[in-house]
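Asker: Below is data15.txt; it holds compact mmCIF, C-alpha atoms.
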```txt
# COMPACT_ATOMS: atom_id res chain seq x y z
CA MET A 155 -0.37 17.57 -65.07
CA LYS A 156 2.57 15.53 -66.30
CA CYS A 157 3.26 11.81 -65.92
CA ARG A 158 5.64 12.40 -63.03
CA GLU A 159 3.05 14.40 -61.11
CA LEU A 160 0.40 11.83 -61.84
CA LEU A 161 2.46 9.16 -60.15
CA GLU A 162 3.23 11.48 -57.25
CA PHE A 163 -0.48 12.11 -56.70
CA LEU A 164 -1.55 8.55 -57.36
CA MET A 165 -1.93 7.46 -53.75
CA GLN A 166 -3.84 10.57 -52.83
CA TYR A 167 -6.08 10.00 -55.83
CA LEU A 168 -6.80 6.42 -54.83
CA GLU A 169 -7.43 7.47 -51.23
CA ASP A 170 -9.77 10.17 -52.48
CA GLU A 171 -7.66 12.88 -50.90
CA LEU A 172 -7.10 15.10 -53.96
CA PRO A 173 -8.80 18.51 -54.10
CA PRO A 174 -11.44 18.63 -56.88
CA GLU A 175 -9.32 20.71 -59.26
CA GLU A 176 -6.36 18.38 -59.07
CA ARG A 177 -8.62 15.39 -59.27
CA ASP A 178 -10.06 16.71 -62.55
CA SER A 179 -6.61 17.35 -63.88
CA PHE A 180 -5.53 13.85 -62.82
CA GLU A 181 -8.48 12.23 -64.55
CA ARG A 182 -7.99 14.29 -67.68
CA HIS A 183 -4.38 13.17 -67.88
CA MET A 184 -5.40 9.57 -67.33
CA ARG A 185 -7.88 9.79 -70.23
CA ASP A 186 -5.29 11.31 -72.55
CA CYS A 187 -2.36 9.12 -71.61
CA PRO A 188 -2.86 5.37 -72.12
CA PRO A 189 0.50 4.46 -70.51
CA CYS A 190 -0.50 6.25 -67.31
CA ALA A 191 -3.97 4.67 -67.36
CA ASN A 192 -2.25 1.32 -67.76
CA TYR A 193 0.09 2.17 -64.89
CA ILE A 194 -2.80 2.91 -62.55
CA GLN A 195 -4.56 -0.29 -63.52
CA SER A 196 -1.39 -2.22 -62.71
CA TYR A 197 -0.87 -0.37 -59.42
CA ARG A 198 -4.31 -1.45 -58.25
CA ALA A 199 -3.75 -5.00 -59.50
CA VAL A 200 -0.42 -5.34 -57.70
CA ARG A 201 -2.08 -4.73 -54.35
CA ALA A 202 -4.73 -7.38 -54.99
CA MET A 203 -2.09 -9.83 -56.18
CA GLY A 204 -0.06 -9.40 -53.01
CA ARG A 205 -3.09 -10.32 -50.95
CA LYS A 206 -3.91 -13.31 -53.10
CA ALA A 207 -0.35 -14.60 -53.11
CA LEU A 208 -0.02 -14.35 -49.36
CA CYS A 209 -3.28 -16.17 -48.74
CA CYS A 210 -5.27 -13.40 -47.10
CA GLU A 211 -8.25 -14.05 -49.31
CA GLY A 212 -11.18 -15.86 -47.76
CA ASP A 213 -9.43 -15.98 -44.41
CA ALA A 214 -7.62 -19.11 -45.46
CA VAL A 215 -5.22 -20.15 -42.74
CA PRO A 216 -3.18 -23.27 -42.41
CA ALA A 217 -4.39 -25.62 -39.71
CA ASP A 218 -1.05 -27.29 -39.25
CA VAL A 219 0.14 -26.04 -35.89
CA PRO A 220 2.79 -28.40 -34.60
CA GLU A 221 1.74 -29.89 -31.28
CA ASP A 222 5.22 -29.36 -29.86
CA LEU A 223 4.88 -25.62 -30.47
CA ILE A 224 1.57 -25.51 -28.61
CA GLN A 225 3.11 -27.42 -25.73
CA ALA A 226 6.18 -25.15 -25.72
CA ILE A 227 3.97 -22.07 -25.47
CA LEU A 228 1.93 -23.52 -22.61
CA ARG A 229 5.10 -24.66 -20.84
CA ALA A 230 6.63 -21.20 -21.19
CA ARG A 231 3.58 -19.76 -19.47
CA GLN A 232 3.88 -22.18 -16.58
CA GLU A 233 7.60 -21.52 -16.24
CA GLY A 234 7.23 -17.77 -16.43
CA ARG A 235 4.06 -17.78 -14.34
CA ALA A 236 2.70 -15.40 -16.96
CA GLY A 237 -1.04 -14.85 -16.83
CA MET B 278 -43.30 -5.33 -12.01
CA ALA B 279 -42.10 -6.17 -15.47
CA PRO B 280 -40.96 -9.75 -16.01
CA THR B 281 -37.26 -10.33 -16.08
CA PRO B 282 -36.16 -10.11 -19.72
CA ASN B 283 -34.73 -13.21 -21.28
CA ALA B 284 -31.06 -13.58 -20.51
CA VAL B 285 -28.88 -11.79 -23.02
CA PRO B 286 -26.71 -14.35 -24.79
CA VAL B 287 -23.20 -14.15 -23.41
CA ASP B 288 -20.45 -13.70 -25.97
CA PRO B 289 -18.26 -16.81 -25.72
CA GLU B 290 -15.23 -14.61 -26.22
CA SER B 291 -15.97 -12.53 -23.10
CA LEU B 292 -16.33 -15.77 -21.17
CA LEU B 293 -12.94 -16.87 -22.43
CA VAL B 294 -11.40 -13.52 -21.49
CA ASP B 295 -12.85 -13.84 -17.97
CA ARG B 296 -11.36 -17.30 -17.62
CA LEU B 297 -8.00 -16.06 -18.90
CA ARG B 298 -8.04 -13.24 -16.37
CA GLN B 299 -8.69 -15.75 -13.64
CA GLY B 300 -5.62 -17.68 -14.78
CA GLU B 301 -7.45 -20.87 -15.81
CA ASP B 302 -4.99 -23.24 -17.52
CA ALA B 303 -7.60 -24.71 -19.86
CA ALA B 304 -8.53 -21.24 -21.07
CA PHE B 305 -4.94 -20.53 -22.10
CA GLU B 306 -4.77 -23.79 -23.99
CA GLU B 307 -8.01 -22.94 -25.75
CA LEU B 308 -6.65 -19.56 -26.72
CA VAL B 309 -3.44 -21.04 -28.11
CA ARG B 310 -5.19 -23.78 -30.07
CA GLU B 311 -7.73 -21.44 -31.55
CA HIS B 312 -5.48 -18.57 -32.51
CA SER B 313 -2.10 -20.09 -33.27
CA PRO B 314 -2.90 -21.10 -36.89
CA ARG B 315 -3.66 -17.51 -37.83
CA MET B 316 -0.72 -16.18 -35.86
CA LEU B 317 1.65 -18.59 -37.56
CA ALA B 318 0.32 -17.45 -40.93
CA VAL B 319 1.00 -13.81 -40.02
CA ALA B 320 4.52 -14.49 -38.74
CA ARG B 321 5.33 -16.47 -41.90
CA ARG B 322 4.56 -13.40 -44.00
CA PHE B 323 7.28 -11.45 -42.21
CA LEU B 324 9.88 -14.09 -41.45
CA SER B 325 11.49 -16.61 -43.75
CA SER B 326 12.97 -18.99 -41.20
CA GLU B 327 10.50 -21.39 -39.61
CA ASP B 328 12.47 -21.26 -36.34
CA ASP B 329 12.00 -17.49 -36.24
CA VAL B 330 8.30 -17.92 -37.02
CA ARG B 331 7.85 -20.28 -34.09
CA ASP B 332 9.83 -18.00 -31.78
CA ALA B 333 7.78 -14.98 -32.81
CA VAL B 334 4.49 -16.78 -32.20
CA GLN B 335 5.70 -18.08 -28.84
CA GLU B 336 6.91 -14.63 -27.80
CA ALA B 337 3.61 -13.14 -28.94
CA PHE B 338 1.59 -15.54 -26.80
CA ILE B 339 3.80 -14.95 -23.76
CA SER B 340 3.39 -11.23 -24.20
CA ALA B 341 -0.38 -11.71 -24.53
CA PHE B 342 -0.53 -13.88 -21.41
CA LYS B 343 1.28 -11.18 -19.46
CA SER B 344 -1.00 -8.41 -20.61
CA ILE B 345 -4.37 -10.14 -20.64
CA GLN B 346 -5.40 -7.98 -17.66
CA ASN B 347 -5.01 -4.94 -19.92
CA PHE B 348 -7.07 -6.39 -22.75
CA GLU B 349 -9.90 -4.03 -23.51
CA GLY B 350 -13.22 -5.77 -23.85
CA ASN B 351 -14.29 -3.66 -26.80
CA ALA B 352 -11.62 -5.16 -29.07
CA ARG B 353 -11.67 -8.65 -30.54
CA LEU B 354 -9.16 -11.11 -29.17
CA SER B 355 -8.13 -11.97 -32.73
CA THR B 356 -7.40 -8.33 -33.57
CA TRP B 357 -5.47 -7.85 -30.33
CA LEU B 358 -3.40 -11.00 -30.93
CA HIS B 359 -2.83 -10.01 -34.54
CA ARG B 360 -1.19 -6.73 -33.48
CA ILE B 361 0.91 -8.57 -30.90
CA VAL B 362 2.25 -11.14 -33.36
CA VAL B 363 2.95 -8.45 -35.96
CA ASN B 364 5.04 -6.65 -33.34
CA ALA B 365 6.83 -9.82 -32.29
CA SER B 366 7.62 -10.64 -35.94
CA LEU B 367 9.01 -7.17 -36.58
CA MET B 368 11.15 -7.37 -33.44
CA LYS B 369 12.55 -10.67 -34.66
CA LEU B 370 13.21 -9.19 -38.07
CA ARG B 371 15.09 -6.26 -36.56
CA ARG B 372 17.32 -8.59 -34.59
CA ARG B 373 17.97 -10.65 -37.71
CA ARG B 374 18.76 -7.80 -40.05
CA ARG B 375 22.42 -8.09 -40.79
CA LYS B 376 23.23 -6.56 -44.13
CA PRO B 377 22.74 -3.06 -45.48
CA GLU B 378 19.64 -2.70 -47.59
CA GLU B 379 19.85 -2.38 -51.32
CA SER B 380 18.49 0.79 -52.84
CA ILE B 381 14.98 0.66 -54.25
CA GLU B 382 15.63 3.45 -56.76
CA ASP B 383 16.24 1.15 -59.71
CA LEU B 384 12.79 -0.35 -59.28
CA LEU B 385 10.99 2.99 -59.35
CA PRO B 386 9.65 4.65 -62.51
CA GLN B 387 12.24 6.73 -64.33
CA PHE B 388 11.39 10.06 -65.92
CA SER B 389 12.90 12.18 -68.64
CA GLU B 390 13.71 15.84 -68.02
CA ASP B 391 10.30 16.82 -69.35
CA ALA B 392 8.64 14.52 -66.79
CA HIS B 393 7.66 11.73 -69.16
CA ARG B 394 8.15 8.19 -68.03
CA VAL B 395 11.07 6.65 -69.90
CA ASN B 396 11.71 3.20 -71.22
CA PRO B 397 8.91 1.16 -69.81
CA ALA B 398 9.85 -2.07 -71.55
CA PHE B 399 6.57 -3.69 -70.58
CA GLU B 400 3.04 -2.57 -70.06
CA TRP B 401 0.57 -4.26 -67.78
CA ASP B 402 -1.48 -6.95 -69.41
CA GLY B 403 -5.00 -6.13 -68.25
CA ARG B 404 -6.14 -9.68 -68.83
CA GLN B 405 -3.74 -10.85 -66.15
CA ASP B 406 -5.57 -9.03 -63.44
CA ALA B 407 -4.40 -11.68 -61.39
CA ASP B 408 -6.57 -14.46 -60.26
CA LEU B 409 -3.26 -16.10 -59.44
CA GLU B 410 -4.85 -19.48 -59.83
CA ARG B 411 -1.53 -21.09 -60.70
CA SER B 412 0.71 -21.80 -57.76
CA GLU B 413 3.75 -20.74 -59.83
CA ASP B 414 2.20 -17.29 -60.17
CA ARG B 415 1.56 -17.05 -56.43
CA ASP B 416 5.14 -18.15 -55.76
CA PHE B 417 6.42 -15.53 -58.17
CA VAL B 418 4.50 -12.78 -56.35
CA ARG B 419 5.65 -14.01 -52.95
CA GLN B 420 9.27 -14.06 -54.09
CA ALA B 421 8.93 -10.57 -55.54
CA ILE B 422 7.63 -9.26 -52.20
CA GLU B 423 10.51 -11.06 -50.49
CA ARG B 424 12.97 -9.21 -52.74
CA LEU B 425 11.84 -5.77 -51.57
CA PRO B 426 14.17 -4.12 -49.06
CA ASP B 427 12.81 -4.61 -45.51
CA THR B 428 12.05 -0.91 -45.06
CA TYR B 429 9.57 -1.08 -47.92
CA ARG B 430 8.44 -4.68 -47.59
CA ASN B 431 7.36 -4.17 -43.97
CA VAL B 432 5.22 -1.18 -44.84
CA LEU B 433 3.66 -3.04 -47.76
CA LEU B 434 2.92 -6.04 -45.54
CA LEU B 435 1.48 -3.94 -42.73
CA ARG B 436 -0.70 -1.72 -44.92
CA ASP B 437 -1.72 -3.86 -47.88
CA ILE B 438 -1.62 -7.36 -46.43
CA GLU B 439 -2.23 -7.03 -42.69
CA GLU B 440 -4.52 -4.07 -43.38
CA LEU B 441 -3.29 -1.81 -40.60
CA ASN B 442 -4.05 1.85 -41.19
CA THR B 443 -1.39 4.49 -41.74
CA GLU B 444 -1.44 5.65 -38.13
CA GLU B 445 -1.03 2.15 -36.67
CA THR B 446 1.70 1.32 -39.16
CA ALA B 447 3.58 4.50 -38.27
CA ARG B 448 3.30 3.74 -34.57
CA ILE B 449 4.49 0.14 -34.90
CA LEU B 450 7.46 1.12 -37.08
CA GLY B 451 8.28 4.27 -35.10
CA VAL B 452 8.19 6.52 -38.16
CA SER B 453 5.99 9.41 -39.28
CA GLU B 454 2.71 8.84 -41.12
CA ASN B 455 4.18 10.69 -44.05
CA ALA B 456 7.10 8.26 -44.17
CA VAL B 457 4.62 5.38 -44.20
CA LYS B 458 2.78 6.90 -47.17
CA ILE B 459 5.97 7.50 -49.13
CA ARG B 460 7.35 4.03 -48.43
CA LEU B 461 4.08 2.33 -49.29
CA HIS B 462 3.87 4.15 -52.63
CA ARG B 463 7.46 3.22 -53.45
CA ALA B 464 6.96 -0.37 -52.33
CA ARG B 465 3.92 -0.80 -54.58
CA GLN B 466 5.75 0.78 -57.51
CA ALA B 467 8.79 -1.41 -56.97
CA LEU B 468 6.66 -4.53 -56.65
CA ARG B 469 4.93 -3.62 -59.89
CA THR B 470 8.32 -3.39 -61.60
CA LEU B 471 9.28 -6.81 -60.27
CA LEU B 472 6.00 -8.36 -61.43
CA LEU B 473 5.95 -6.81 -64.89
CA PRO B 474 8.21 -9.33 -66.64
CA ARG B 475 5.70 -12.05 -65.74
CA PHE B 476 2.37 -10.22 -65.83
CA GLY B 477 3.16 -7.61 -68.47
CA VAL B 478 3.51 -7.60 -72.22
CA PRO B 479 6.30 -5.89 -74.17
CA GLU B 480 5.27 -2.34 -74.90
CA HIS B 481 4.80 -1.38 -78.56
CA PRO B 482 7.59 0.87 -79.76
CA PRO B 483 6.02 4.31 -80.34
CA ASP B 484 6.93 4.38 -84.02
CA ALA B 485 5.60 0.90 -84.76
CA SER B 486 1.97 1.30 -83.77
CA GLY B 487 1.34 4.55 -85.60
CA ASP B 488 -0.84 5.78 -82.75
CA ALA B 489 1.74 6.87 -80.22
CA PRO B 490 0.44 9.19 -77.53
CA ASN B 491 0.70 12.82 -78.38
CA ASP B 492 3.61 14.24 -76.45
CA GLU B 493 2.31 17.74 -76.80
CA GLY B 494 -0.89 16.96 -74.99
CA SER B 495 -1.65 17.44 -71.35
CA ARG B 496 1.37 15.47 -70.26
```
What does the file become when written as structure tokens?
Answerer:
Amino acid sequence: MKCRELLEFLMQYLEDELPPEERDSFERHMRDCPPCANYIQSYRAVRAMGRKALCCEGDAVPADVPEDLIQAILRARQEGRAG
Amino acid sequence: MAPTPNAVPVDPESLLVDRLRQGEDAAFEELVREHSPRMLAVARRFLSSEDDVRDAVQEAFISAFKSIQNFEGNARLSTWLHRIVVNASLMKLRRRRRKPEESIEDLLPQFSEDAHRVNPAFEWDGRQDADLERSEDRDFVRQAIERLPDTYRNVLLLRDIEELNTEETARILGVSENAVKIRLHRARQALRTLLLPRFGVPEHPPDASGDAPNDEGSR
């Protein structure tokens, strides 16, 4: 397996969708190629960082809902007779 | 005759759903007050203008009010509303899209003819595995996600942030599951490239370290 193939198979590897033979070949390449091992480490980290940056961790949500928005939503329901 | 078993505790959410179906005004207000913070947070991940965010949340609630009779009791209200506000945000985004997207190719790994990756100027700094405790770091990541072309950013948001599965993402975007997989992989790779200058370290030139990887190996 070459570096290009490793990156092509990366998602399947992480999703555990690679057939055993290719998985072995993938892992062998990763052991022998520090830049690719580093790449995979970063690929995993990037996903976690996205979640942290966009505040999905710990279910943190802002509590600052403007009252006028709430009233606008309720008014729209009345006007549209939705629900 | 066996005694009547103790009453099974009633799930407060099913009570709320019943009241919504009966059209009780107070129930709708309860729903909006309880779920709007989370829905605003979701819409803000997709939309940059606060006016658009408010519109998307309002449209999502109106759509929910109209379809409450179709709400299936085996789902959670929060999950149902989440899908609705994601849809409303994407609709808004589609209406707003006005300029052709830039190509993502420059942000993807480049390979030489013999399939080696070329010129990675940085390598990931493992120590940075990203607690993102500093707000500047979180801002940097947010801005990097914002820089991705919509086609890729939306898939990244839906799969990695909103945690929809491939099938749901494909359905919402109206593309094949295979397209979702390809776009997600490219989006993550491109985001990595954008984050490297901040969270990476300059890579050692191969001839300086004396222990360059062996090009004749398995690669």
Asker: May I ask which of the residues B:Phe342, B:Phe399, B:Tyr429, B:Phe348 is the closest one to chain A, counting all atoms listed in the file?
Answerer: B:Phe342
Asker: Would you give me, as a tab-separated table, each residue of chain A having an atom within 7 Å of an atom of chain B, along with its shortest atom pair and that distance in Å to one decimal, using all atoms listed in the file and sorting by chain and residue number?
Answerer:
```
residue	atom	partner	partner_atom	distance
A:Met155	CA	B:Arg496	CA	5.9
A:Lys156	CA	B:Arg496	CA	4.1
A:Cys157	CA	B:His393	CA	5.5
A:Arg158	CA	B:Ala392	CA	5.3
A:Met165	CA	B:His462	CA	6.8
A:His183	CA	B:Ser495	CA	6.1
A:Cys187	CA	B:Pro490	CA	6.5
A:Asn192	CA	B:Trp401	CA	6.3
A:Ser196	CA	B:Trp401	CA	5.8
A:Tyr197	CA	B:Arg469	CA	6.7
A:Ala199	CA	B:Asp406	CA	5.9
A:Val200	CA	B:Arg469	CA	6.0
A:Arg201	CA	B:Asp437	CA	6.5
A:Met203	CA	B:Ala407	CA	6.0
A:Gly204	CA	B:Val418	CA	6.6
A:Arg205	CA	B:Ile438	CA	5.6
A:Lys206	CA	B:Leu409	CA	7.0
A:Ala207	CA	B:Arg415	CA	4.5
A:Leu208	CA	B:Arg419	CA	6.7
A:Val215	CA	B:Arg315	CA	5.8
A:Pro216	CA	B:Pro314	CA	5.9
A:Ala217	CA	B:Pro314	CA	5.5
A:Asp218	CA	B:Pro314	CA	6.9
A:Val219	CA	B:Pro314	CA	5.9
A:Ile224	CA	B:Val309	CA	6.7
A:Ile227	CA	B:Gln335	CA	5.5
A:Leu228	CA	B:Glu306	CA	6.8
A:Arg231	CA	B:Ile339	CA	6.4
A:Ala236	CA	B:Lys343	CA	5.1
A:Gly237	CA	B:Phe342	CA	4.7
```
Asker: Between CA of Leu367 (chain B) and CA of Phe323 (chain B), what is the distance, to one decimal in Å?
Answerer: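 Taking CA of Leu367 (chain B) as the start and CA of Phe323 (chain B) as the end point, the length is 7.3 Å.
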Asker: Please, what distance in Å, to one decimal, runs between CA of Pro474 (chain B) and CA of Ala320 (chain B)?
Answerer: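 Between CA of Pro474 (chain B) and CA of Ala320 (chain B) the gap works out to 28.6 Å.
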Asker: For the atom pair CA of Asn364 (chain B) and CA of Ala333 (chain B), what is the interatomic distance in Å to one decimal place?
Answerer: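 According to the coordinates, CA of Asn364 (chain B) and CA of Ala333 (chain B) are separated by 8.8 Å.
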